[in-house]
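Notes follow the structure.
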Amino acid sequence: MEVAAPLTLAKPSWNPLRIDGTGLEPNVLLAAKLIAVCLLATNHLRVYPDEPFLPFLPFLDALRAPFPFQLVTEALLIGSALALLFNRRVRMACLLLGGVIILGVVASKAYYGNNKLFCGLFILLAGLTRKGEEPSVLRWQLAIVYAGAAINKWADPDWLSGQFFSYWAGEKLEQPLFLAIASVIGIGWAGKLMCWSTMLVESALGVGFAFRRFWPAAIWLGVLFHCSMTWFTGSTFSMFFYAMNASFIAVAAWPKGPLEAFYDGDCGFCELSRRAMARIDPGGVYVWEKLQTGRAQSQYGISNDALMQRLHVVIDGDEIRSGFAAFKRMLLANPATYFFFAAAVLASGWVSAGFRSLVIAALVAFFFPLFSPVGEAAYNWIARNRHLMMGGESCQTD
Amino acid sequence: MRRVLGIAILLFQLGAIVCARFVPARYFCWAPYDSQNDYLIEAVVNSRVLSRDEIRGRYKKRAKGADNRSIQHVMDIITGYETSYGAEENAQVTLSYRVNGGEEQSWKWPHP
């Protein structure tokens with residue numbers, strides 16, 4: 001049985017890609033890290049207030065010059081973000097980072113922004129959770145965000161009439177898809193369609209995150225909602241796209257232990273694939289075992305024929321996935337995957353909004369259930385022809 | 001203690017959502033990009049017309065721009081500045097704005 005590294009350490013690792021062995025649940029830590037990384041990568045330090053300006057809490061005016069507000073807050077922000085990234089006292093780092101972000105928000109009416117507020121609140125609340133506890137406070141935070149957004153819109157006549165979208169998408173953005181729809185059904189009805197769709201989705205998300213049975217659906221709906229808004233507008237709405245998608249990780253079902261991966265140990269292609277996956281798994285998320293040991297059959301009842309045809313993964317001892325589904329599940333359990341997502345979206349955004357939209361569409365499509373038949377077909381073709389990919393008639397390991 | 005703090009933070013937000021039903025401002029109640037408020041700020045301070053850069057430096061908001069939450073936020077910044085940091089400067093400010101492309105409206109400081 002191949003084990004990349006022990007999953008639980010006595011001391012947390014300095015490796016940013018590892019999320020185990022700290023005082024937070026792994027997926028909560030991962031979500032907080034991703035938000036912190038995206039905050040730094042989008043250069044939010046540049047817009048952080050250099051001193052209090054019309055603070056919501058008047059006593060904060062005492063922190064104007066000569067107090068070195070900018071120096072102190074930026075040092076705390078960078079220091080706590082790095083501590084979080086490198087797994088140093090992560091709960092304290094979350095409290096500090098979230099607190100500094102919120103301080104900036106309440107210290108300056110000009111700096112106030114919902115996306116920054118959410119980042120600060122989420123990270124702060126993450127710091128209040130503990131390993132071994134369900135992060136219900138984070139789930140309720142998500143429910144409140146969407147419920148609040150929905151309630152505000154339902155109470156706004158310009159949303160009920162569709163006027164908001166008619167003006168924003170039709171006149172300000174001149175959004176091609178919206179204008180195409182408007183050319184068919186009229187701009188008024190197009191505006192109403194978009195407004196009501198948004199309100200219904202946000203309402204559904206508010207309900208979805210409030211009730212456990214709807215969480216998986218709420219996560220997918222949320223991902224699609226935020227991706228759609230980014231595609232539609234060409235904007236990430238500052239940190240909203242990154243922060244909301246990252247926050248869903250904290251409330252997603254997360255493996256309690258390593259994923260057991262059963263593969264054909266006599267296949268050179270399979271062995272190469274295993275080594276490649278192991279390279280992006282410093283935290284020991286995967287435990288590899290050759291099907292030839294027989295344990296997959298004896299313990300989990302997986303037939304030898306099935307094992308010979310497809311990779312099989314067992315999650316927490318009872319959930320079994322094979323083929324493309326197994327591959328996706330392995331990727332989704334690995335923190336490196338999410339850092340790759342963040343890097344891909346950030347980097348593509350530096351090229352152009354259109355390119356970023358393509359990258360986001362590709363990433364979503366890869367994991368979206370509707371794409372599974374395509375993925376399975378591709379996997380099956382590779383599996384059937386894997387011996388040819390080694391350039392020989394047999395499929396031998398080194 | 002941490003549970004109490006977490007619950008308090010969530011309850012604060014619920015309170016802000018309720019409060020938003022009664023006031024035009026949209027602070028802490030999750031109303032991002034709810035309203036397209038295009039505005040123009042013109043200011044005269046001590047009988048001198050401020051340039052756009054000076055207005056931006058004064059209010060930390062563009063002289064001509066858009067607020068995506070509530071035009072009340074821009075009014076609050078102008079009011080707040082002129083009643084505190086700039087109270088001695090005898091400023092006269094005109095805020096022209098349109099909400100979601102509607103009719104142009106005007107707001108002045110000090111109030112007439």
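Ordering of the structure tokens sets the chain letters (A, B, ...), residue numbers begin anew at 1 in every chain, and ligands are numbered from 1 in the order given.
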Considering only C-alpha atoms, tabulate each residue of chain A that lies at most 7 Å from chain B along with its nearest interatomic pair and the corresponding distance in Å to one decimal; arrange the rows by chain and ascending residue number and present them as JSON lines.
```
{"residue": "A:Leu54", "atom": "CA", "partner": "B:Gly80", "partner_atom": "CA", "distance": 6.4}
{"residue": "A:Lys109", "atom": "CA", "partner": "B:Ile77", "partner_atom": "CA", "distance": 6.8}
{"residue": "A:Ala110", "atom": "CA", "partner": "B:Lys60", "partner_atom": "CA", "distance": 6.1}
{"residue": "A:Asn114", "atom": "CA", "partner": "B:Pro32", "partner_atom": "CA", "distance": 5.9}
{"residue": "A:Leu125", "atom": "CA", "partner": "B:Gly6", "partner_atom": "CA", "distance": 6.4}
{"residue": "A:Leu128", "atom": "CA", "partner": "B:Arg2", "partner_atom": "CA", "distance": 5.7}
{"residue": "A:Val137", "atom": "CA", "partner": "B:Gly6", "partner_atom": "CA", "distance": 6.6}
{"residue": "A:Gln141", "atom": "CA", "partner": "B:Leu10", "partner_atom": "CA", "distance": 6.6}
{"residue": "A:Val145", "atom": "CA", "partner": "B:Trp30", "partner_atom": "CA", "distance": 5.8}
{"residue": "A:Gly148", "atom": "CA", "partner": "B:Trp30", "partner_atom": "CA", "distance": 5.5}
{"residue": "A:Ala149", "atom": "CA", "partner": "B:Trp30", "partner_atom": "CA", "distance": 5.1}
{"residue": "A:Asn152", "atom": "CA", "partner": "B:Ala31", "partner_atom": "CA", "distance": 6.3}
{"residue": "A:Lys153", "atom": "CA", "partner": "B:Asp34", "partner_atom": "CA", "distance": 6.9}
{"residue": "A:Gln163", "atom": "CA", "partner": "B:Asn100", "partner_atom": "CA", "distance": 6.9}
{"residue": "A:Phe164", "atom": "CA", "partner": "B:Asn100", "partner_atom": "CA", "distance": 5.5}
{"residue": "A:Tyr167", "atom": "CA", "partner": "B:Gly101", "partner_atom": "CA", "distance": 5.8}
{"residue": "A:Trp168", "atom": "CA", "partner": "B:Gln36", "partner_atom": "CA", "distance": 6.9}
```
Mind writing the picked residues with N, CA, C and O atoms as a short mmCIF file (atom, residue, chain, number, x, y, z; two decimals), in the first residue's frame?
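As a result, result_28.cif now contains:
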```cif
data_model
loop_
_atom_site.label_atom_id
_atom_site.label_comp_id
_atom_site.auth_asym_id
_atom_site.auth_seq_id
_atom_site.Cartn_x
_atom_site.Cartn_y
_atom_site.Cartn_z
N LEU A 54 -14.30 58.93 8.19
CA LEU A 54 -15.73 58.85 8.51
C LEU A 54 -16.09 57.43 8.98
O LEU A 54 -16.91 56.74 8.37
N LYS A 109 -16.02 54.86 5.65
CA LYS A 109 -17.23 54.72 4.82
C LYS A 109 -16.86 54.65 3.35
O LYS A 109 -17.58 54.05 2.56
N ALA A 110 -15.75 55.27 2.99
CA ALA A 110 -15.35 55.24 1.58
C ALA A 110 -14.85 53.85 1.18
O ALA A 110 -14.95 53.46 0.02
N ASN A 114 -19.36 45.35 0.26
CA ASN A 114 -19.91 44.07 0.69
C ASN A 114 -18.94 42.92 0.48
O ASN A 114 -18.88 41.99 1.29
N LEU A 125 -15.19 34.35 11.28
CA LEU A 125 -16.05 33.27 11.78
C LEU A 125 -15.35 31.92 11.67
O LEU A 125 -15.54 31.04 12.51
N LEU A 128 -13.44 31.18 14.58
CA LEU A 128 -14.23 30.83 15.77
C LEU A 128 -14.63 29.36 15.77
O LEU A 128 -15.16 28.86 16.76
N VAL A 137 -21.74 27.91 11.84
CA VAL A 137 -21.78 29.37 11.80
C VAL A 137 -21.44 29.87 10.40
O VAL A 137 -21.98 30.90 9.95
N GLN A 141 -23.83 31.96 7.90
CA GLN A 141 -23.37 33.22 7.30
C GLN A 141 -23.73 33.25 5.82
O GLN A 141 -24.21 34.26 5.30
N VAL A 145 -26.27 35.91 3.94
CA VAL A 145 -25.86 36.74 2.80
C VAL A 145 -26.90 36.67 1.68
O VAL A 145 -27.36 37.67 1.17
N GLY A 148 -30.43 37.93 2.79
CA GLY A 148 -30.42 39.39 2.86
C GLY A 148 -30.45 40.01 1.48
O GLY A 148 -31.21 40.95 1.21
N ALA A 149 -29.63 39.46 0.58
CA ALA A 149 -29.60 39.98 -0.78
C ALA A 149 -30.96 39.83 -1.46
O ALA A 149 -31.43 40.73 -2.16
N ASN A 152 -33.60 42.31 0.16
CA ASN A 152 -33.39 43.69 -0.31
C ASN A 152 -33.97 43.89 -1.71
O ASN A 152 -34.55 44.93 -2.02
N LYS A 153 -33.80 42.87 -2.54
CA LYS A 153 -34.28 43.02 -3.93
C LYS A 153 -35.80 42.89 -4.03
O LYS A 153 -36.45 43.64 -4.76
N GLN A 163 -36.57 47.16 -13.95
CA GLN A 163 -35.89 48.38 -14.37
C GLN A 163 -34.39 48.30 -14.11
O GLN A 163 -33.57 48.79 -14.91
N PHE A 164 -33.99 47.65 -13.01
CA PHE A 164 -32.55 47.57 -12.69
C PHE A 164 -31.78 46.94 -13.84
O PHE A 164 -30.82 47.50 -14.35
N TYR A 167 -31.77 48.82 -17.25
CA TYR A 167 -30.80 49.92 -17.32
C TYR A 167 -29.37 49.40 -17.30
O TYR A 167 -28.55 49.76 -18.13
N TRP A 168 -29.06 48.53 -16.32
CA TRP A 168 -27.68 48.09 -16.12
C TRP A 168 -27.17 47.28 -17.30
O TRP A 168 -26.14 47.60 -17.89
#
```
**OP:** Please identify all polymer residues within 12 Å of region 277-285 of chain A, counting only C-alpha atoms, omitting same-chain residues fewer than 6 positions from it, and present them as an MDAnalysis selection string.
**Re:** chainID A and resid 2:9 12:21 26 254:261 270:271 313 315:316 327 329:340
**OP:** Just give me the gap between CA of Arg212 (chain A) and CA of Ile320 (chain A) in Å, one decimal is fine.
**Re:**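 It comes out at 22.3 Å.
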**OP:** Please return as number ranges by chain: the residues of chain B that backbone DSSP assigns to helix (DSSP H, G or I).
**Re:** B: 2-19, 52-59, 71-82
Original post:
Mind pulling up the distance from CA of Leu363 (chain A) to CA of Thr233 (chain A)?
Top reply: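 Interatomic distance here is 18.4 Å.
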**OP:** Per DSSP on the backbone, filter region 19-99 of chain B down to the residues in strand (DSSP E or B) and report them as a ChimeraX atom specification.
**Re:** /B:37-45,48-49,64-67,91-99
Subject >> Nearest-residue call for Asn37 (chain B), choices B:Lys64, B:Ala25, B:Arg56, B:Arg98, using only C-alpha atoms >> reply: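 Checking each of B:Lys64, B:Ala25, B:Arg56, B:Arg98 against Asn37 (chain B), counting only C-alpha atoms, the winner is B:Arg98.
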Original post:
Could you name the residues that touch Tyr146 (chain A) at 12 Å or less, counting only C-alpha atoms, but leaving out those on the same chain fewer than 3 positions away, as a PyMOL selection string?
Top reply: (chain A and resi 118+139-143+149-153+198-210+218+221-222+225-226+244) or (chain B and resi 13-14+17+29-32)
Write out, as a short mmCIF file (atom, residue, chain, number, x, y, z; two decimals), in the first residue's frame, the residues just selected, with N, CA, C and O atoms.
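Okay, this is what ended up in result.cif:
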```cif
data_model
loop_
_atom_site.label_atom_id
_atom_site.label_comp_id
_atom_site.auth_asym_id
_atom_site.auth_seq_id
_atom_site.Cartn_x
_atom_site.Cartn_y
_atom_site.Cartn_z
N PHE A 118 -17.70 40.57 3.48
CA PHE A 118 -17.89 39.11 3.50
C PHE A 118 -16.57 38.40 3.76
O PHE A 118 -16.51 37.46 4.56
N ARG A 139 -22.07 28.20 7.59
CA ARG A 139 -23.21 27.90 6.73
C ARG A 139 -24.31 28.92 6.94
O ARG A 139 -24.94 29.41 6.01
N TRP A 140 -24.53 29.33 8.21
CA TRP A 140 -25.55 30.34 8.49
C TRP A 140 -25.14 31.70 7.93
O TRP A 140 -25.98 32.49 7.50
N GLN A 141 -23.83 31.96 7.90
CA GLN A 141 -23.37 33.22 7.30
C GLN A 141 -23.73 33.25 5.82
O GLN A 141 -24.21 34.26 5.30
N LEU A 142 -23.54 32.13 5.14
CA LEU A 142 -23.90 32.06 3.73
C LEU A 142 -25.41 32.25 3.55
O LEU A 142 -25.86 32.97 2.67
N ALA A 143 -26.18 31.59 4.41
CA ALA A 143 -27.63 31.70 4.31
C ALA A 143 -28.07 33.15 4.49
O ALA A 143 -28.93 33.65 3.75
N ALA A 149 -29.63 39.46 0.58
CA ALA A 149 -29.60 39.98 -0.78
C ALA A 149 -30.96 39.83 -1.46
O ALA A 149 -31.43 40.73 -2.16
N ALA A 150 -31.60 38.68 -1.23
CA ALA A 150 -32.92 38.45 -1.83
C ALA A 150 -33.97 39.38 -1.24
O ALA A 150 -34.76 39.99 -1.98
N ILE A 151 -33.98 39.52 0.07
CA ILE A 151 -34.98 40.38 0.73
C ILE A 151 -34.84 41.82 0.25
O ILE A 151 -35.84 42.51 -0.05
N ASN A 152 -33.60 42.31 0.16
CA ASN A 152 -33.39 43.69 -0.31
C ASN A 152 -33.97 43.89 -1.71
O ASN A 152 -34.55 44.93 -2.02
N LYS A 153 -33.80 42.87 -2.54
CA LYS A 153 -34.28 43.02 -3.93
C LYS A 153 -35.80 42.89 -4.03
O LYS A 153 -36.45 43.64 -4.76
N THR A 198 -32.67 36.39 -10.78
CA THR A 198 -31.68 36.65 -9.74
C THR A 198 -32.31 36.55 -8.36
O THR A 198 -31.75 35.94 -7.45
N MET A 199 -33.47 37.15 -8.20
CA MET A 199 -34.13 37.13 -6.90
C MET A 199 -34.50 35.71 -6.50
O MET A 199 -34.36 35.32 -5.33
N LEU A 200 -34.98 34.92 -7.45
CA LEU A 200 -35.37 33.56 -7.13
C LEU A 200 -34.15 32.71 -6.78
O LEU A 200 -34.21 31.89 -5.84
N VAL A 201 -33.06 32.90 -7.52
CA VAL A 201 -31.85 32.13 -7.21
C VAL A 201 -31.33 32.48 -5.83
O VAL A 201 -30.98 31.61 -5.03
N GLU A 202 -31.25 33.78 -5.53
CA GLU A 202 -30.75 34.18 -4.21
C GLU A 202 -31.66 33.69 -3.10
O GLU A 202 -31.20 33.29 -2.03
N SER A 203 -32.95 33.72 -3.33
CA SER A 203 -33.89 33.19 -2.33
C SER A 203 -33.64 31.70 -2.13
O SER A 203 -33.62 31.21 -0.99
N ALA A 204 -33.47 30.98 -3.22
CA ALA A 204 -33.22 29.54 -3.13
C ALA A 204 -31.92 29.27 -2.39
O ALA A 204 -31.84 28.32 -1.59
N LEU A 205 -30.92 30.07 -2.62
CA LEU A 205 -29.64 29.87 -1.94
C LEU A 205 -29.78 30.16 -0.45
O LEU A 205 -29.19 29.46 0.39
N GLY A 206 -30.56 31.18 -0.11
CA GLY A 206 -30.77 31.47 1.30
C GLY A 206 -31.43 30.30 2.01
O GLY A 206 -31.04 29.91 3.11
N VAL A 207 -32.42 29.69 1.36
CA VAL A 207 -33.09 28.52 1.93
C VAL A 207 -32.15 27.31 1.88
O VAL A 207 -32.05 26.54 2.85
N GLY A 208 -31.46 27.17 0.77
CA GLY A 208 -30.61 25.99 0.58
C GLY A 208 -29.52 25.85 1.62
O GLY A 208 -29.24 24.76 2.12
N PHE A 209 -28.90 26.95 1.98
CA PHE A 209 -27.83 26.86 2.98
C PHE A 209 -28.37 26.78 4.40
O PHE A 209 -27.64 26.46 5.33
N ALA A 210 -29.65 27.04 4.57
CA ALA A 210 -30.24 26.97 5.90
C ALA A 210 -30.62 25.54 6.27
O ALA A 210 -30.72 25.21 7.45
N ALA A 218 -27.37 23.52 -3.11
CA ALA A 218 -27.09 24.95 -2.91
C ALA A 218 -25.68 25.30 -3.36
O ALA A 218 -25.44 26.35 -3.96
N LEU A 221 -25.71 25.35 -7.14
CA LEU A 221 -26.44 26.51 -7.61
C LEU A 221 -25.63 27.79 -7.39
O LEU A 221 -25.58 28.68 -8.24
N GLY A 222 -24.96 27.87 -6.24
CA GLY A 222 -24.13 29.03 -5.94
C GLY A 222 -22.97 29.16 -6.91
O GLY A 222 -22.69 30.26 -7.41
N PHE A 225 -24.34 30.26 -10.19
CA PHE A 225 -24.83 31.64 -10.10
C PHE A 225 -23.68 32.62 -10.23
O PHE A 225 -23.73 33.56 -11.04
N HIS A 226 -22.64 32.42 -9.45
CA HIS A 226 -21.53 33.37 -9.47
C HIS A 226 -20.74 33.28 -10.77
O HIS A 226 -20.27 34.30 -11.28
N MET A 244 -17.00 33.88 -2.55
CA MET A 244 -18.19 33.03 -2.42
C MET A 244 -17.88 31.60 -2.83
O MET A 244 -18.25 30.64 -2.14
N GLN B 13 -26.20 41.10 11.66
CA GLN B 13 -26.54 41.20 10.24
C GLN B 13 -28.05 41.09 10.01
O GLN B 13 -28.62 41.79 9.17
N LEU B 14 -28.70 40.20 10.77
CA LEU B 14 -30.15 40.10 10.64
C LEU B 14 -30.80 41.43 11.03
O LEU B 14 -31.75 41.88 10.38
N ILE B 17 -30.45 43.83 8.19
CA ILE B 17 -31.38 43.53 7.09
C ILE B 17 -32.76 44.08 7.43
O ILE B 17 -33.44 44.66 6.57
N CYS B 29 -26.16 44.98 5.22
CA CYS B 29 -27.40 44.22 5.03
C CYS B 29 -27.38 43.41 3.75
O CYS B 29 -28.40 42.87 3.33
N TRP B 30 -26.21 43.32 3.12
CA TRP B 30 -26.02 42.49 1.93
C TRP B 30 -26.86 42.98 0.76
O TRP B 30 -27.75 42.27 0.27
N ALA B 31 -26.53 44.20 0.34
CA ALA B 31 -27.17 44.75 -0.86
C ALA B 31 -26.11 45.15 -1.88
O ALA B 31 -26.04 46.31 -2.29
N PRO B 32 -25.27 44.21 -2.29
CA PRO B 32 -24.24 44.56 -3.28
C PRO B 32 -24.83 44.66 -4.67
O PRO B 32 -25.66 43.84 -5.06
#
```
Original post:
If you count only C-alpha atoms, which residues fall within 9 Å of Ala43 (chain B), apart from same-chain ones fewer than 5 positions away, as a list in words?
Top reply: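 My reading of the contact set: Arg48, Val49, Leu50, Ser51, Ile55, Ala91, Gln92, Val93, Thr94 and Leu95 of chain B.
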Take the residues that were just selected and, keeping C-alpha atoms, output them as an mmCIF file, in the first residue's frame.
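Saved result, selection-v1.cif, follows:
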```
data_model
loop_
_atom_site.group_PDB
_atom_site.id
_atom_site.type_symbol
_atom_site.label_atom_id
_atom_site.label_comp_id
_atom_site.auth_asym_id
_atom_site.auth_seq_id
_atom_site.Cartn_x
_atom_site.Cartn_y
_atom_site.Cartn_z
ATOM 1 C CA ARG B 48 -13.492 78.240 -4.881
ATOM 2 C CA VAL B 49 -14.753 75.559 -7.211
ATOM 3 C CA LEU B 50 -12.983 72.267 -6.515
ATOM 4 C CA SER B 51 -11.478 70.245 -9.341
ATOM 5 C CA ILE B 55 -13.203 66.337 -4.826
ATOM 6 C CA ALA B 91 -18.544 74.099 1.562
ATOM 7 C CA GLN B 92 -21.481 74.083 -0.793
ATOM 8 C CA VAL B 93 -21.981 70.776 -2.496
ATOM 9 C CA THR B 94 -24.363 69.695 -5.216
ATOM 10 C CA LEU B 95 -24.925 65.999 -5.853
#
```
Original post:
Which distance in Å separates CA of Gly99 (chain A) and CA of Asn87 (chain A), to one decimal?
Top reply: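 Result for CA of Gly99 (chain A) versus CA of Asn87 (chain A): 18.1 Å, one decimal.
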**OP:** May I have the residues within 6 Å of Tyr97 (chain B) as an NGL selection string, using only C-alpha atoms and disregarding those fewer than 2 positions away in the same chain?
**Re:** :B and (38-39 or 104-105)
